[in-house]
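K.L.:
First, the structure itself, so that you have it in front of you.
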Amino acid sequence: MESAARLDQNHQLSLKELPYIVQWREDRCTRCGRCTAVCPMKSIEPTIYTQRVVTSEGSSPEPRVTRRLTQVVRQVTDIERYCIGCGTCTLVCPTDAIFPEYNVQHKLYHFRNKGGIPFMRGGRRNDPSTSTLDKLKFTRISMLTDPALDAGRHEFRIRTLLGRNLPAEQLPFKLEGDKLTITDHTFIPPVREIYPIRIGSMSIGALSPHMWEGLAMGIAYLNEVEGLPVVMCSGEGGMPPSILKSRYMKYFILQIASGYFGWDEIIHALPDMIEDPCAIEIKYGQGAKPGDGGLLQAYKVLGLIAKIRGVPQFVDLASPPTHQTKYSIEEAVAKMIQSMSMAWGFRVPVYPKISGTKTARAVLNNLARNPYAAALCIDGEDGGTGAAYNVSLDKMGHPIASNIRDCYLDLVRQGKQNELPLIAAGGVGKGGNLAANAAALIMLGASAVDIGKYIMQTAAGCFGDEYNRCNVCNLGKCPRGITTQDPKLYRRLDPDKVAERVVEVFKAADVELKKIFAPLGRSTELPIGMSDALGVNDKDIADRLQISYVC
Amino acid sequence: MCRLSAITSSDYISPMENILALETMKEGHDGSGLGLMLKDMAGPFAGYKQFPTMSAICSDKGLVMLEDYMKAQGFTEKFSWEPPIKNVKGVERRDHYIAKVYDYPAAYKDKTQLEKEDLLLRTRIALRLMGEPDGSLFVFSFYPDVLTLKEVGDPLQLAEFFGIEKSGIKSKIILAQGRQNTNYAIYLYACHPFFIQGYATMTNGENTAFVPIREFLMGRGNPGYMGYNSDSEVFTHILHYTNRTLGYPLHYYKDVITPMKDAEIEKRTDAAPIRLIKKSLRPLCIDGPNCVIGFTPDGTCFMVHDSKKLRPGAVGGKPGKYALMSEVCGVDSAVPDRDRSTDIFPMKYDSVIIAPGAREVKVWNQLHG
């Protein structure tokens, strides 16, 4: 017969069910309480145990047993407060007495659906395996028959074009003597020359004010001091009017998404804008959660965010999965592109962003025939998000590599690969190899790549990884202060340090890109579609991407 | 690295001059092939300048196939020539080396020159596609007053093999390439110079941007943009595309293949179109290392480099005869009695352009337009 007490615990979880088990060293702990105070999930708490102590005094052993109360740090097993493995406790512990250890046998997904609400989180797909992008190598090395270039001393031009390039046959030229001149007022679409690695769409709201400010400062510095024309996208949710009306606007891509959050402020700021934005991105999909709209959970809808977005505080801001006023691709794409183009007098490139999908080529082919479409951004399944259902993150979406390759080869077949730039996103730099991933995507056919999660990890130390570490961006509890609107948390983050890291990251990536392009003998133009440079030691990947199999 | 030898002259000259110049540059080619292209010919072809000449190599079977096809298309043969072949050790002799001059089909007699040229291109491509699978027929050029000879072997030996001196063939413009086989198997269609509708180029060096350029050209809808057994063939097609299809004057070729930096473009009087060209023809930007020598349908010869100038090139001569060579020793061989102080070693912004008649050399600087 079981005891009543034992049966009462039958519906509790054991630590073995949890993804991270906190290792606490009693002998080192000074009981300062910092770890329990800082834990974003309240997964650990101070408590008291009775301890049996055996002592012996005198010249011969005379063991005496006593019992005393002692303070300990205990991990709770409540699934609502499970340890997310962020390691903030370790960070603040003065004596290295505590750290969370990953538990490969965990059953988090079995239990994290209390109240019938599926597991929601931030971050990206929890797949720690080597990504396709990380498997690609650069195998066409210039050796003797064509001299390799000097990455350190040679002049490189690492730039890309964002905007629709007219086919040469349509350029409005006439010949005067032996000189070409421009004939009339034929519409020439706006094209921006930018750095091929961009910071992708992350909204003010998803990001804390300090994080967003740090990124923005970094971008401005890169452009104005370092001469690297890196741009970033606002994400859905608008931008502070002070920046909308500033000269820095040219470094930003404004995103309009299905909730139209922030666009009231943008429209009102239009007459006072002194610079056009770099581009307008129309978001139709997101790689991390295809088919879902944007979501800013109520925890993060505080004063500033509510003001910029024109909504009350503390309400969930869920954007619809599609633009509700549009019923077809012609409506959704053609009219919206034209409307947005018109708002800025056709001076700003306007392009859609979709989530990676088998149907990407259908969208692409529609855009290829639309003379106002400036690009197509495709966000693969490894893209990140501030909030989504776990099932969407882990199981929905399309890998970016084959999606971008298919689209590029489709454009090649139509001879339009230079007309409509493809922008690849989703998992770029996932394994820390930003430049290599970017270069591989470029050689598969992308004109540019977007990063999001990578810049949060590198510039602000985001704890998130592919072992479901941290990933509480949706709850506003970000222990680094990156994705929270709680001043107590985001004050931990120094915007100047973020900006400094942004600059460092892009400067380093620029050097690495040169170290990749130089041995390939390329420096003058971005090697878009230079697929002969790529190799992979997986025959199936090689066949699928139409690149070399090497072993 | 291959060696290039081009001569443009006001008088008819023998291709032996080019071959002897190649011989002086022998350390730069390994005898894996010779390509010869003659334009504006004298000798046996003198009387047929306005009629298209087909240059081909074929087996007995290929010859029948060629003649049947040409007959079916309505072409009538006016003249047929074969070089006086002499067996030379080391050169594998094929069945036929032919140059046949045709009259246009009756339906084309009154067509424009451009329409006639399109017919010639389609005919050449059709024959190429018929003969390529079994190697029975290789067609190199089909155009008025242009002759092409190609074979695998050492240039000097091939001159003997083809009986160049005996044959009496001469022309005012001659391109010759001594091939150093590097990244591709020895294959006749990979041998320079390449030709399309009056445009010819030969190149040394590798083309590191080959694949994106090839893919862009193949999307232009021109059936002649095919083959690409050599990464250098794209240089000919870029020239054809920019000059013939788009109508840009020759000097814009340089702006297409090696676009300048934006700040440099701003100083040009034609900055606005150059900016657009740089964007719209971005995939045609080459990345070297290359030296390109060629001619256009009117007989203008030129030399350009990639913008890093990692391949040498020299131009020298005197009014009436200029040599465009990979090395100055080749120029010495072709025009020994020139003023060497006027030799030109074109740098990264330069296009050397010599008009038909070879009276003067113009160095067109990309910075100044």
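Ligands are numbered from 1 in the order shown, residues from 1 within each chain, and chains are lettered A, B, ... in the order they appear in the structure tokens.
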With the cut-off set at 8 Å and counting only C-alpha atoms, tabulate each residue of chain A with an atom at most that distance from an atom of chain B, showing the nearest atom pair and its distance in Å to one decimal, ordered by chain and increasing number, as a tab-separated table.
P.N.:
```
residue	atom	partner	partner_atom	distance
A:Thr145	CA	B:Met1	CA	6.6
A:Asp146	CA	B:Glu206	CA	5.7
A:Pro147	CA	B:Pro289	CA	7.4
A:Leu161	CA	B:Lys279	CA	7.7
A:Asn165	CA	B:Ser280	CA	5.4
A:Leu166	CA	B:Ser280	CA	5.8
A:Pro167	CA	B:Ser280	CA	5.7
A:Ala168	CA	B:Ser280	CA	5.5
A:Glu169	CA	B:Leu246	CA	6.4
A:Leu171	CA	B:Leu276	CA	7.6
A:Phe173	CA	B:Pro273	CA	7.2
A:Leu175	CA	B:Tyr248	CA	8.0
A:Asp178	CA	B:Pro249	CA	6.1
A:Lys179	CA	B:Asp270	CA	6.8
A:Leu180	CA	B:Pro273	CA	6.4
A:Thr181	CA	B:Pro273	CA	6.1
A:Ile182	CA	B:Pro273	CA	6.3
A:Val412	CA	B:Gly219	CA	6.3
A:Arg413	CA	B:Gly219	CA	6.2
A:Gln414	CA	B:Gly219	CA	6.1
A:Gly415	CA	B:Gly219	CA	3.8
A:Lys416	CA	B:Gly219	CA	7.5
A:Gln417	CA	B:Phe216	CA	7.4
A:Asn418	CA	B:Pro283	CA	6.9
A:Glu419	CA	B:Ser280	CA	7.4
A:Leu520	CA	B:Thr208	CA	7.2
A:Gly521	CA	B:Thr208	CA	6.1
A:Arg522	CA	B:Asp287	CA	5.7
A:Ser523	CA	B:Asp287	CA	6.7
A:Thr524	CA	B:Asp287	CA	6.0
A:Glu525	CA	B:Cys285	CA	6.8
A:Pro527	CA	B:Ala209	CA	7.2
A:Ile528	CA	B:Pro212	CA	7.0
A:Gly529	CA	B:Pro212	CA	5.6
A:Met530	CA	B:Pro212	CA	5.6
A:Ser531	CA	B:Val211	CA	7.2
A:Asp532	CA	B:Val211	CA	6.7
```
K.L.:
May I have all residues of segment 107-273 of chain B that DSSP, computed from the backbone, assigns to strand (DSSP E), given as a PyMOL selection string?
P.N.:
chain B and resi 137-144+146-151+170-178+194-196+199-204
K.L.:
Could the residues in this selection be written to a file with C-alpha atoms, as a PDB file, in the first residue's frame?
P.N.:
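Written output follows (out-v2.pdb):
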```pdb
ATOM      1  CA  LEU B 137      31.180  18.191 -88.001  1.00  0.00           C
ATOM      2  CA  PHE B 138      32.640  21.298 -86.379  1.00  0.00           C
ATOM      3  CA  VAL B 139      31.599  24.665 -87.809  1.00  0.00           C
ATOM      4  CA  PHE B 140      33.579  27.649 -86.568  1.00  0.00           C
ATOM      5  CA  SER B 141      32.321  30.580 -88.577  1.00  0.00           C
ATOM      6  CA  PHE B 142      29.863  31.317 -91.346  1.00  0.00           C
ATOM      7  CA  TYR B 143      30.156  34.924 -92.434  1.00  0.00           C
ATOM      8  CA  PRO B 144      31.333  36.929 -95.428  1.00  0.00           C
ATOM      9  CA  VAL B 146      36.023  35.473 -92.635  1.00  0.00           C
ATOM     10  CA  LEU B 147      38.027  32.231 -92.526  1.00  0.00           C
ATOM     11  CA  THR B 148      38.759  30.116 -89.470  1.00  0.00           C
ATOM     12  CA  LEU B 149      41.288  27.319 -89.073  1.00  0.00           C
ATOM     13  CA  LYS B 150      41.659  25.366 -85.850  1.00  0.00           C
ATOM     14  CA  GLU B 151      43.443  22.218 -84.828  1.00  0.00           C
ATOM     15  CA  LYS B 170      46.282  36.308 -96.898  1.00  0.00           C
ATOM     16  CA  SER B 171      44.197  38.918 -95.164  1.00  0.00           C
ATOM     17  CA  LYS B 172      44.402  42.346 -93.590  1.00  0.00           C
ATOM     18  CA  ILE B 173      43.286  41.264 -90.139  1.00  0.00           C
ATOM     19  CA  ILE B 174      44.453  38.060 -88.506  1.00  0.00           C
ATOM     20  CA  LEU B 175      43.849  36.726 -85.030  1.00  0.00           C
ATOM     21  CA  ALA B 176      45.900  33.787 -83.825  1.00  0.00           C
ATOM     22  CA  GLN B 177      45.953  32.016 -80.521  1.00  0.00           C
ATOM     23  CA  GLY B 178      48.503  29.539 -79.254  1.00  0.00           C
ATOM     24  CA  PHE B 194      35.460  32.679 -81.010  1.00  0.00           C
ATOM     25  CA  PHE B 195      33.153  34.133 -83.578  1.00  0.00           C
ATOM     26  CA  ILE B 196      29.586  35.333 -83.839  1.00  0.00           C
ATOM     27  CA  TYR B 199      32.553  39.682 -83.996  1.00  0.00           C
ATOM     28  CA  ALA B 200      35.594  37.733 -82.883  1.00  0.00           C
ATOM     29  CA  THR B 201      37.676  37.716 -79.745  1.00  0.00           C
ATOM     30  CA  MET B 202      40.416  35.684 -78.179  1.00  0.00           C
ATOM     31  CA  THR B 203      41.475  35.859 -74.581  1.00  0.00           C
ATOM     32  CA  ASN B 204      44.120  34.686 -72.248  1.00  0.00           C
TER      33      ASN B 204
END
```
K.L.:
Taking the chain letters and numbering used in this document, name the residues of segment 3-235 of chain A that DSSP puts in helix (DSSP H, G or I), as a ChimeraX atom specification.
P.N.:
/A:4-11,15-17,34-38,79-81,88-92,108-111,114-116,132-135,168-170,209-224
K.L.:
Report as number ranges by chain all protein, DNA and RNA residues lying within 10 Å of segment 121-128 of chain B, evaluated on only C-alpha atoms, omitting residues in the same chain fewer than 2 positions from it.
P.N.:
B: 54-56, 62, 65-66, 69-70, 73, 115-119, 130-133, 135-143, 189, 196-197, 222-227
K.L.:
Neighbouring residues of Ala6 of chain B were defined as those with any atom within 12 Å, considering only C-alpha atoms; residues of the same chain fewer than 6 positions away were excluded. Please report them as a count of residues only.
P.N.:
54
K.L.:
Residues of segment 148-250 of chain A that have any atom at most 12 Å from an atom of segment 378-389 of chain A: could you tabulate them with the shortest-distance atom pair and the distance in Å to one decimal, using only C-alpha atoms, ordered by chain and increasing number, as a tab-separated table?
P.N.:
```
residue	atom	partner	partner_atom	distance
A:Gly200	CA	A:Asp379	CA	9.7
A:Ser201	CA	A:Thr385	CA	9.7
A:Met202	CA	A:Thr385	CA	8.3
A:Ser203	CA	A:Gly386	CA	9.2
A:Ile204	CA	A:Gly386	CA	11.1
A:Gly205	CA	A:Gly386	CA	9.3
A:Ala206	CA	A:Gly386	CA	5.8
A:Leu207	CA	A:Gly386	CA	8.3
A:Ser208	CA	A:Gly386	CA	11.3
A:Gly235	CA	A:Thr385	CA	10.9
A:Glu236	CA	A:Gly386	CA	11.8
```
K.L.:
The selected residues should be written to file as a PDB file, in the first residue's frame (atoms: C-alpha atoms).
P.N.:
```pdb
ATOM      1  CA  GLY A 200      16.346  41.990 -40.984  1.00  0.00           C
ATOM      2  CA  SER A 201      13.002  43.003 -39.657  1.00  0.00           C
ATOM      3  CA  MET A 202      12.796  43.181 -35.868  1.00  0.00           C
ATOM      4  CA  SER A 203      10.311  45.646 -34.519  1.00  0.00           C
ATOM      5  CA  ILE A 204      10.499  48.189 -31.782  1.00  0.00           C
ATOM      6  CA  GLY A 205       8.269  46.265 -29.481  1.00  0.00           C
ATOM      7  CA  ALA A 206       9.797  42.921 -30.182  1.00  0.00           C
ATOM      8  CA  LEU A 207      13.124  44.530 -29.287  1.00  0.00           C
ATOM      9  CA  SER A 208      13.695  46.639 -26.226  1.00  0.00           C
ATOM     10  CA  GLY A 235       9.869  45.265 -38.617  1.00  0.00           C
ATOM     11  CA  GLU A 236       6.159  45.780 -38.104  1.00  0.00           C
TER      12      GLU A 236
END
```
